[in-house]
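Everything below belongs to target.cif, which stores mmCIF, C-alpha atoms.
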data_structure
loop_
_atom_site.label_atom_id
_atom_site.label_comp_id
_atom_site.auth_asym_id
_atom_site.auth_seq_id
_atom_site.Cartn_x
_atom_site.Cartn_y
_atom_site.Cartn_z
CA MET A 17 175.21 76.65 130.97
CA SER A 18 174.51 79.44 128.52
CA THR A 19 172.50 82.45 129.62
CA VAL A 20 169.35 83.86 128.07
CA ASN A 21 169.94 86.73 125.64
CA SER A 22 169.05 90.12 127.13
CA THR A 23 166.74 90.90 124.21
CA THR A 24 163.19 89.98 125.26
CA SER A 25 160.12 89.14 123.20
CA ALA A 26 158.63 92.51 124.09
CA ASP A 27 161.74 94.24 122.69
CA VAL A 28 161.42 92.34 119.43
CA ILE A 29 157.72 93.16 119.04
CA ALA A 30 158.24 96.83 119.93
CA ALA A 31 161.02 97.16 117.37
CA LEU A 32 158.88 95.41 114.77
CA GLN A 33 155.83 97.63 115.31
CA LYS A 34 157.96 100.76 115.11
CA SER A 35 159.45 99.68 111.81
CA SER A 36 156.08 98.72 110.33
CA THR A 37 155.15 102.37 109.91
CA SER A 38 158.22 103.12 107.81
CA THR A 39 158.99 102.42 104.16
CA THR A 40 159.10 99.02 102.48
CA SER A 41 162.89 98.76 102.82
CA LYS A 42 162.65 99.41 106.55
CA THR A 43 159.98 96.75 106.84
CA GLU A 44 162.28 94.25 105.17
CA GLU A 45 165.09 95.29 107.53
CA ALA A 46 162.76 94.72 110.49
CA GLN A 47 161.96 91.24 109.22
CA THR A 48 165.65 90.38 108.91
CA ARG A 49 166.42 91.82 112.35
CA PHE A 50 163.50 89.93 113.85
CA LEU A 51 164.70 86.61 112.48
CA LYS A 52 168.23 87.26 113.74
CA LEU A 53 166.97 88.15 117.20
CA LEU A 54 164.69 85.12 117.28
CA THR A 55 167.59 82.87 116.22
CA GLU A 56 169.78 84.29 118.99
CA GLN A 57 167.03 83.73 121.52
CA LEU A 58 166.71 80.11 120.47
CA LYS A 59 170.50 79.58 120.57
CA ASN A 60 170.92 81.17 123.98
CA GLN A 61 167.77 80.02 125.71
CA ASP A 62 167.97 78.06 128.95
CA PRO A 63 167.58 74.37 128.06
CA LEU A 64 165.76 73.87 131.36
CA ASN A 65 163.42 76.76 130.64
CA PRO A 66 163.02 76.95 126.85
CA MET A 67 161.01 79.58 125.02
CA ASP A 68 157.29 78.94 125.21
CA ASN A 69 155.81 77.71 121.91
CA ALA A 70 152.90 80.10 122.22
CA GLN A 71 155.34 83.00 122.61
CA MET A 72 157.26 81.98 119.50
CA THR A 73 154.03 81.57 117.52
CA SER A 74 152.92 85.03 118.65
CA GLN A 75 156.17 86.59 117.45
CA LEU A 76 155.98 84.84 114.08
CA ALA A 77 152.38 86.05 113.73
CA GLN A 78 153.54 89.62 114.40
CA ILE A 79 156.10 89.60 111.59
CA SER A 80 153.61 87.89 109.25
CA THR A 81 150.99 90.57 110.03
CA VAL A 82 153.39 93.41 109.28
CA ASP A 83 154.41 91.80 105.99
CA GLY A 84 150.74 91.29 105.07
CA ILE A 85 149.86 94.90 105.85
CA ASP A 86 152.76 96.14 103.73
CA LYS A 87 151.60 94.05 100.76
CA LEU A 88 148.02 95.22 101.26
CA ASN A 89 149.15 98.85 101.24
CA LYS A 90 150.99 98.27 97.96
CA THR A 91 147.90 96.68 96.43
CA LEU A 92 145.60 99.50 97.57
CA THR A 93 148.04 102.13 96.27
CA SER A 94 148.14 100.40 92.90
CA LEU A 95 144.33 100.19 92.76
CA LEU A 96 143.99 103.87 93.68
CA GLU A 97 146.43 104.95 90.98
CA GLY A 98 144.59 102.82 88.44
CA SER A 99 141.25 104.28 89.50
CA GLN A 100 142.54 107.85 89.21
CA SER A 101 143.93 107.18 85.73
CA ASN A 102 140.61 105.68 84.64
CA GLU A 103 138.75 108.66 86.12
CA ALA A 104 140.97 111.08 84.17
CA LEU A 105 140.24 109.24 80.91
CA GLN A 106 136.49 109.32 81.57
CA ALA A 107 136.64 113.03 82.35
CA ALA A 108 138.68 113.82 79.22
CA ALA A 109 135.99 112.17 77.07
CA LEU A 110 133.45 114.71 78.39
CA VAL A 111 135.28 117.83 77.17
CA GLY A 112 132.97 119.80 74.87
CA LYS A 113 129.85 117.90 75.94
CA GLY A 114 126.80 119.20 77.75
CA VAL A 115 126.15 117.92 81.25
CA MET A 116 123.52 118.46 83.90
CA VAL A 117 124.89 119.55 87.26
CA GLU A 118 123.29 121.02 90.36
CA GLY A 119 122.41 124.69 89.80
CA THR A 120 119.61 127.11 88.99
CA LYS A 121 120.96 128.85 85.89
CA LEU A 122 118.91 128.67 82.68
CA THR A 123 120.30 130.22 79.49
CA LEU A 124 117.88 131.18 76.72
CA SER A 125 119.55 131.29 73.31
CA GLY A 126 117.76 131.32 69.96
CA SER A 127 114.47 130.95 71.82
CA LYS A 128 115.62 127.64 73.30
CA ALA A 129 116.70 126.73 76.82
CA TYR A 130 117.27 123.44 78.59
CA GLY A 131 117.21 122.68 82.31
CA GLY A 132 116.68 119.73 84.56
CA PHE A 133 115.70 118.47 87.98
CA GLU A 134 116.16 115.49 90.26
CA LEU A 135 113.41 113.97 92.39
CA ALA A 136 114.14 111.97 95.51
CA THR A 137 110.85 110.09 95.16
CA ALA A 138 108.02 109.86 92.63
CA ALA A 139 105.75 112.93 92.40
CA ASP A 140 102.17 113.55 91.28
CA LYS A 141 102.94 117.13 90.29
CA VAL A 142 106.17 118.84 89.22
CA THR A 143 106.35 122.58 88.68
CA VAL A 144 109.25 124.61 87.23
CA THR A 145 109.25 128.35 87.82
CA ILE A 146 111.40 130.54 85.58
CA LYS A 147 112.48 134.03 86.65
CA ASP A 148 114.43 136.77 84.94
CA SER A 149 117.59 138.48 86.21
CA LYS A 150 115.44 140.85 88.33
CA GLY A 151 113.72 137.95 90.08
CA LEU A 152 110.41 138.48 88.29
CA GLU A 153 108.45 135.40 87.27
CA VAL A 154 108.43 134.87 83.52
CA ARG A 155 106.92 131.42 83.17
CA LYS A 156 105.55 128.64 85.33
CA MET A 157 105.66 125.22 83.68
CA GLU A 158 103.49 122.39 84.98
CA LEU A 159 105.23 119.14 84.01
CA GLY A 160 102.71 116.70 85.49
CA SER A 161 103.69 113.51 87.34
CA SER A 162 107.14 111.97 87.34
CA ASP A 163 109.06 109.03 88.74
CA ALA A 164 112.05 109.44 91.03
CA GLY A 165 115.31 110.22 89.24
CA VAL A 166 116.91 112.79 86.94
CA PHE A 167 114.97 114.49 84.14
CA ASN A 168 115.40 117.42 81.77
CA PHE A 169 112.99 119.85 80.16
CA ALA A 170 112.99 122.38 77.34
CA TRP A 171 111.70 125.95 77.38
CA ASP A 172 110.74 127.68 74.15
CA GLY A 173 111.21 131.14 75.64
CA LYS A 174 107.50 131.89 75.80
CA SER A 175 106.36 133.82 78.87
CA THR A 176 103.13 133.16 80.77
CA ASN A 177 101.25 135.75 78.66
CA GLY A 178 102.52 134.21 75.41
CA THR A 179 105.14 136.83 74.49
CA GLN A 180 108.66 135.80 73.52
CA ALA A 181 111.26 136.37 76.22
CA VAL A 182 114.59 137.88 75.19
CA ASP A 183 117.69 135.70 75.05
CA GLY A 184 119.78 135.83 78.19
CA ASN A 185 120.23 134.34 81.62
CA TYR A 186 117.33 133.21 83.77
CA THR A 187 116.95 131.14 86.94
CA ILE A 188 114.74 128.20 87.79
CA SER A 189 113.22 126.70 90.90
CA VAL A 190 111.55 123.30 91.04
CA SER A 191 108.80 122.13 93.37
CA ALA A 192 107.04 118.77 93.54
CA THR A 193 104.37 117.08 95.61
CA ARG A 194 102.96 113.60 96.10
CA GLY A 195 99.49 113.84 97.51
CA SER A 196 99.78 116.30 100.37
CA ASP A 197 103.50 115.61 100.87
CA THR A 198 106.34 117.70 99.51
CA VAL A 199 108.91 115.82 97.44
CA LYS A 200 112.58 116.74 97.75
CA THR A 201 113.83 118.28 94.50
CA THR A 202 117.16 119.49 93.14
CA SER A 203 117.39 122.01 90.31
CA LEU A 204 119.87 121.17 87.56
CA GLN A 205 121.49 123.44 85.01
CA LEU A 206 122.96 122.63 81.62
CA SER A 207 126.70 123.30 81.45
CA THR A 208 129.48 122.54 79.00
CA VAL A 209 132.67 120.79 80.10
CA ASN A 210 135.52 123.08 79.04
CA SER A 211 138.53 121.29 80.45
CA VAL A 212 139.77 118.70 82.93
CA LEU A 213 141.98 119.54 85.90
CA ARG A 214 143.95 117.23 88.18
CA THR A 215 144.37 118.43 91.76
CA SER A 216 147.48 117.99 93.90
CA SER A 217 145.76 115.07 95.65
CA GLY A 218 145.35 113.26 92.33
CA SER A 219 141.57 113.71 92.04
CA VAL A 220 139.96 115.00 88.84
CA SER A 221 137.82 118.14 88.49
CA LEU A 222 135.92 119.41 85.45
CA ASP A 223 135.66 123.08 84.53
CA VAL A 224 132.04 123.75 83.52
CA GLY A 225 132.41 127.49 83.05
CA ALA A 226 132.05 130.60 85.20
CA GLY A 227 134.80 129.33 87.47
CA ASN A 228 132.76 126.32 88.52
CA LEU A 229 134.58 123.04 89.13
CA VAL A 230 132.73 119.77 89.58
CA SER A 231 133.71 116.14 90.03
CA LEU A 232 132.50 113.22 87.92
CA SER A 233 130.11 112.24 90.70
CA ASP A 234 128.47 115.70 90.48
CA ILE A 235 127.34 115.06 86.91
CA LYS A 236 123.71 113.97 86.97
CA GLN A 237 123.18 113.56 83.23
CA ILE A 238 125.19 113.73 79.99
CA LEU A 239 123.43 115.21 76.98
#

As structure tokens, the full file:
Amino acid sequence: MSTVNSTTSADVIAALQKSSTSTTSKTEEAQTRFLKLLTEQLKNQDPLNPMDNAQMTSQLAQISTVDGIDKLNKTLTSLLEGSQSNEALQAAALVGKGVMVEGTKLTLSGSKAYGGFELATAADKVTVTIKDSKGLEVRKMELGSSDAGVFNFAWDGKSTNGTQAVDGNYTISVSATRGSDTVKTTSLQLSTVNSVLRTSSGSVSLDVGAGNLVSLSDIKQIL
């Protein structure tokens, strides 16, 4: 009577799981080795004590799972590469355009300046306060009520007393209320996309000047 092969089911599964973390070629090698080992087990099994069907099914399920995971990884990798390429194309189309990103900078040029804000919820009253480089208040603009979302505003450079402010850099702060409750606000600044950079991880960043890098998801509005 033939004897049972010394390689056990546990040995086969252990070898399979170890190989599943390697490259595709190693996964294929594991599949081939698994089938050879399984064939040997069937050839050398004790006819009076054959391999349990449930055990065989379990082993086949193991190899099928590894193969499925390998194919899934390939698919996800392909989707990620496609997404990154699409993101790069979208970013490239923004070069030279004005975008609203989180920030408090307001640049007055030719007696015109543009800023923005984002409201988490609707507000009954929105107020934008403009200060000069010394932190002194130049203008307070009451913008009335507003829905939740992203909005922009224009400043003509006029100060509170009606005089014309000089061109240059200013800062803004935004406050909003709904009834007696304070509404969460985010100040936005107008920036120009100068170039597109791809990081070592494959993600895309946009240079919006002054050494600031933002992602596509950081852009709140395109003007």

Please identify all polymer residues within 6 Å of region 155-162 of chain A, counting all atoms listed in the file, omitting same-chain residues fewer than 5 positions from it, and present them as a ChimeraX atom specification. /A:138-146,175-176

Just want the 8 Å neighbourhood of region 186-190 of chain A, counted on all atoms listed in the file, with same-chain residues fewer than 2 positions away dropped. Output as a short mmCIF file (atom, residue, chain, number, x, y, z; two decimals) with C-alpha atoms, in the coordinates of the input.
data_model
loop_
_atom_site.label_atom_id
_atom_site.label_comp_id
_atom_site.auth_asym_id
_atom_site.auth_seq_id
_atom_site.Cartn_x
_atom_site.Cartn_y
_atom_site.Cartn_z
CA THR A 120 119.61 127.11 88.99
CA LYS A 121 120.96 128.85 85.89
CA LEU A 122 118.91 128.67 82.68
CA THR A 123 120.30 130.22 79.49
CA LEU A 124 117.88 131.18 76.72
CA PHE A 133 115.70 118.47 87.98
CA VAL A 142 106.17 118.84 89.22
CA THR A 143 106.35 122.58 88.68
CA VAL A 144 109.25 124.61 87.23
CA THR A 145 109.25 128.35 87.82
CA ILE A 146 111.40 130.54 85.58
CA LYS A 147 112.48 134.03 86.65
CA ASP A 148 114.43 136.77 84.94
CA SER A 149 117.59 138.48 86.21
CA GLY A 184 119.78 135.83 78.19
CA ALA A 192 107.04 118.77 93.54
CA THR A 201 113.83 118.28 94.50
CA THR A 202 117.16 119.49 93.14
CA SER A 203 117.39 122.01 90.31
#

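From CA of Thr137 (chain A) back to CA of Gly165 (chain A), the distance works out to 7.4 Å.
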
Report the distance between CA of Leu152 (chain A) and CA of Asn177 (chain A) in Å, rounded to one decimal place. 13.6 Å

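Coordinates place CA of Lys150 (chain A) at a distance of 18.3 Å from CA of Ala129 (chain A).
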
Residues near Ala104 (chain A), anyone? I mean within 8 Å using all atoms listed in the file, not counting same-chain ones fewer than 4 positions away, as JSON, numbers by chain. {"A": [100, 108, 212, 214, 220]}

Centre and edges of the region 114-127 of chain A box, axis-aligned, 3 Å extra per side, as AutoDock Vina command-line options:
--center_x 120.6 --center_y 124.6 --center_z 80.2 --size_x 18.3 --size_y 19.4 --size_z 26.4

Translate the PyMOL selection byres ((chain A and resi 180) around 12), as applied to the file shown, into an explicit residue set as a ChimeraX atom specification. /A:124-128,154-155,171-179,181-183

Kindly provide the residues of region 146-217 of chain A that approach region 230-233 of chain A to within 12 Å, each paired with its closest atom pair and their distance in Å to one decimal, based on all atoms listed in the file, listed by chain and increasing number, as CSV.
residue,atom,partner,partner_atom,distance
A:Ser207,CA,A:Val230,CA,10.7
A:Thr208,CA,A:Val230,CA,11.4
A:Val209,CA,A:Val230,CA,9.5
A:Asn210,CA,A:Val230,CA,11.4
A:Ser211,CA,A:Val230,CA,10.9
A:Val212,CA,A:Ser231,CA,9.7
A:Leu213,CA,A:Ser231,CA,9.8
A:Arg214,CA,A:Ser231,CA,10.5
A:Thr215,CA,A:Ser231,CA,11.0

Mind listing as a PyMOL selection string all residues within 6 Å of (119.1, 121.9, 85.8), counting all atoms listed in the file? chain A and resi 116+119+131-133+203-206

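Counting all atoms listed in the file, the residue from A:Ser191, A:Thr48, A:Thr81, A:Gln106 that sits nearest to Glu134 (chain A) is A:Ser191.
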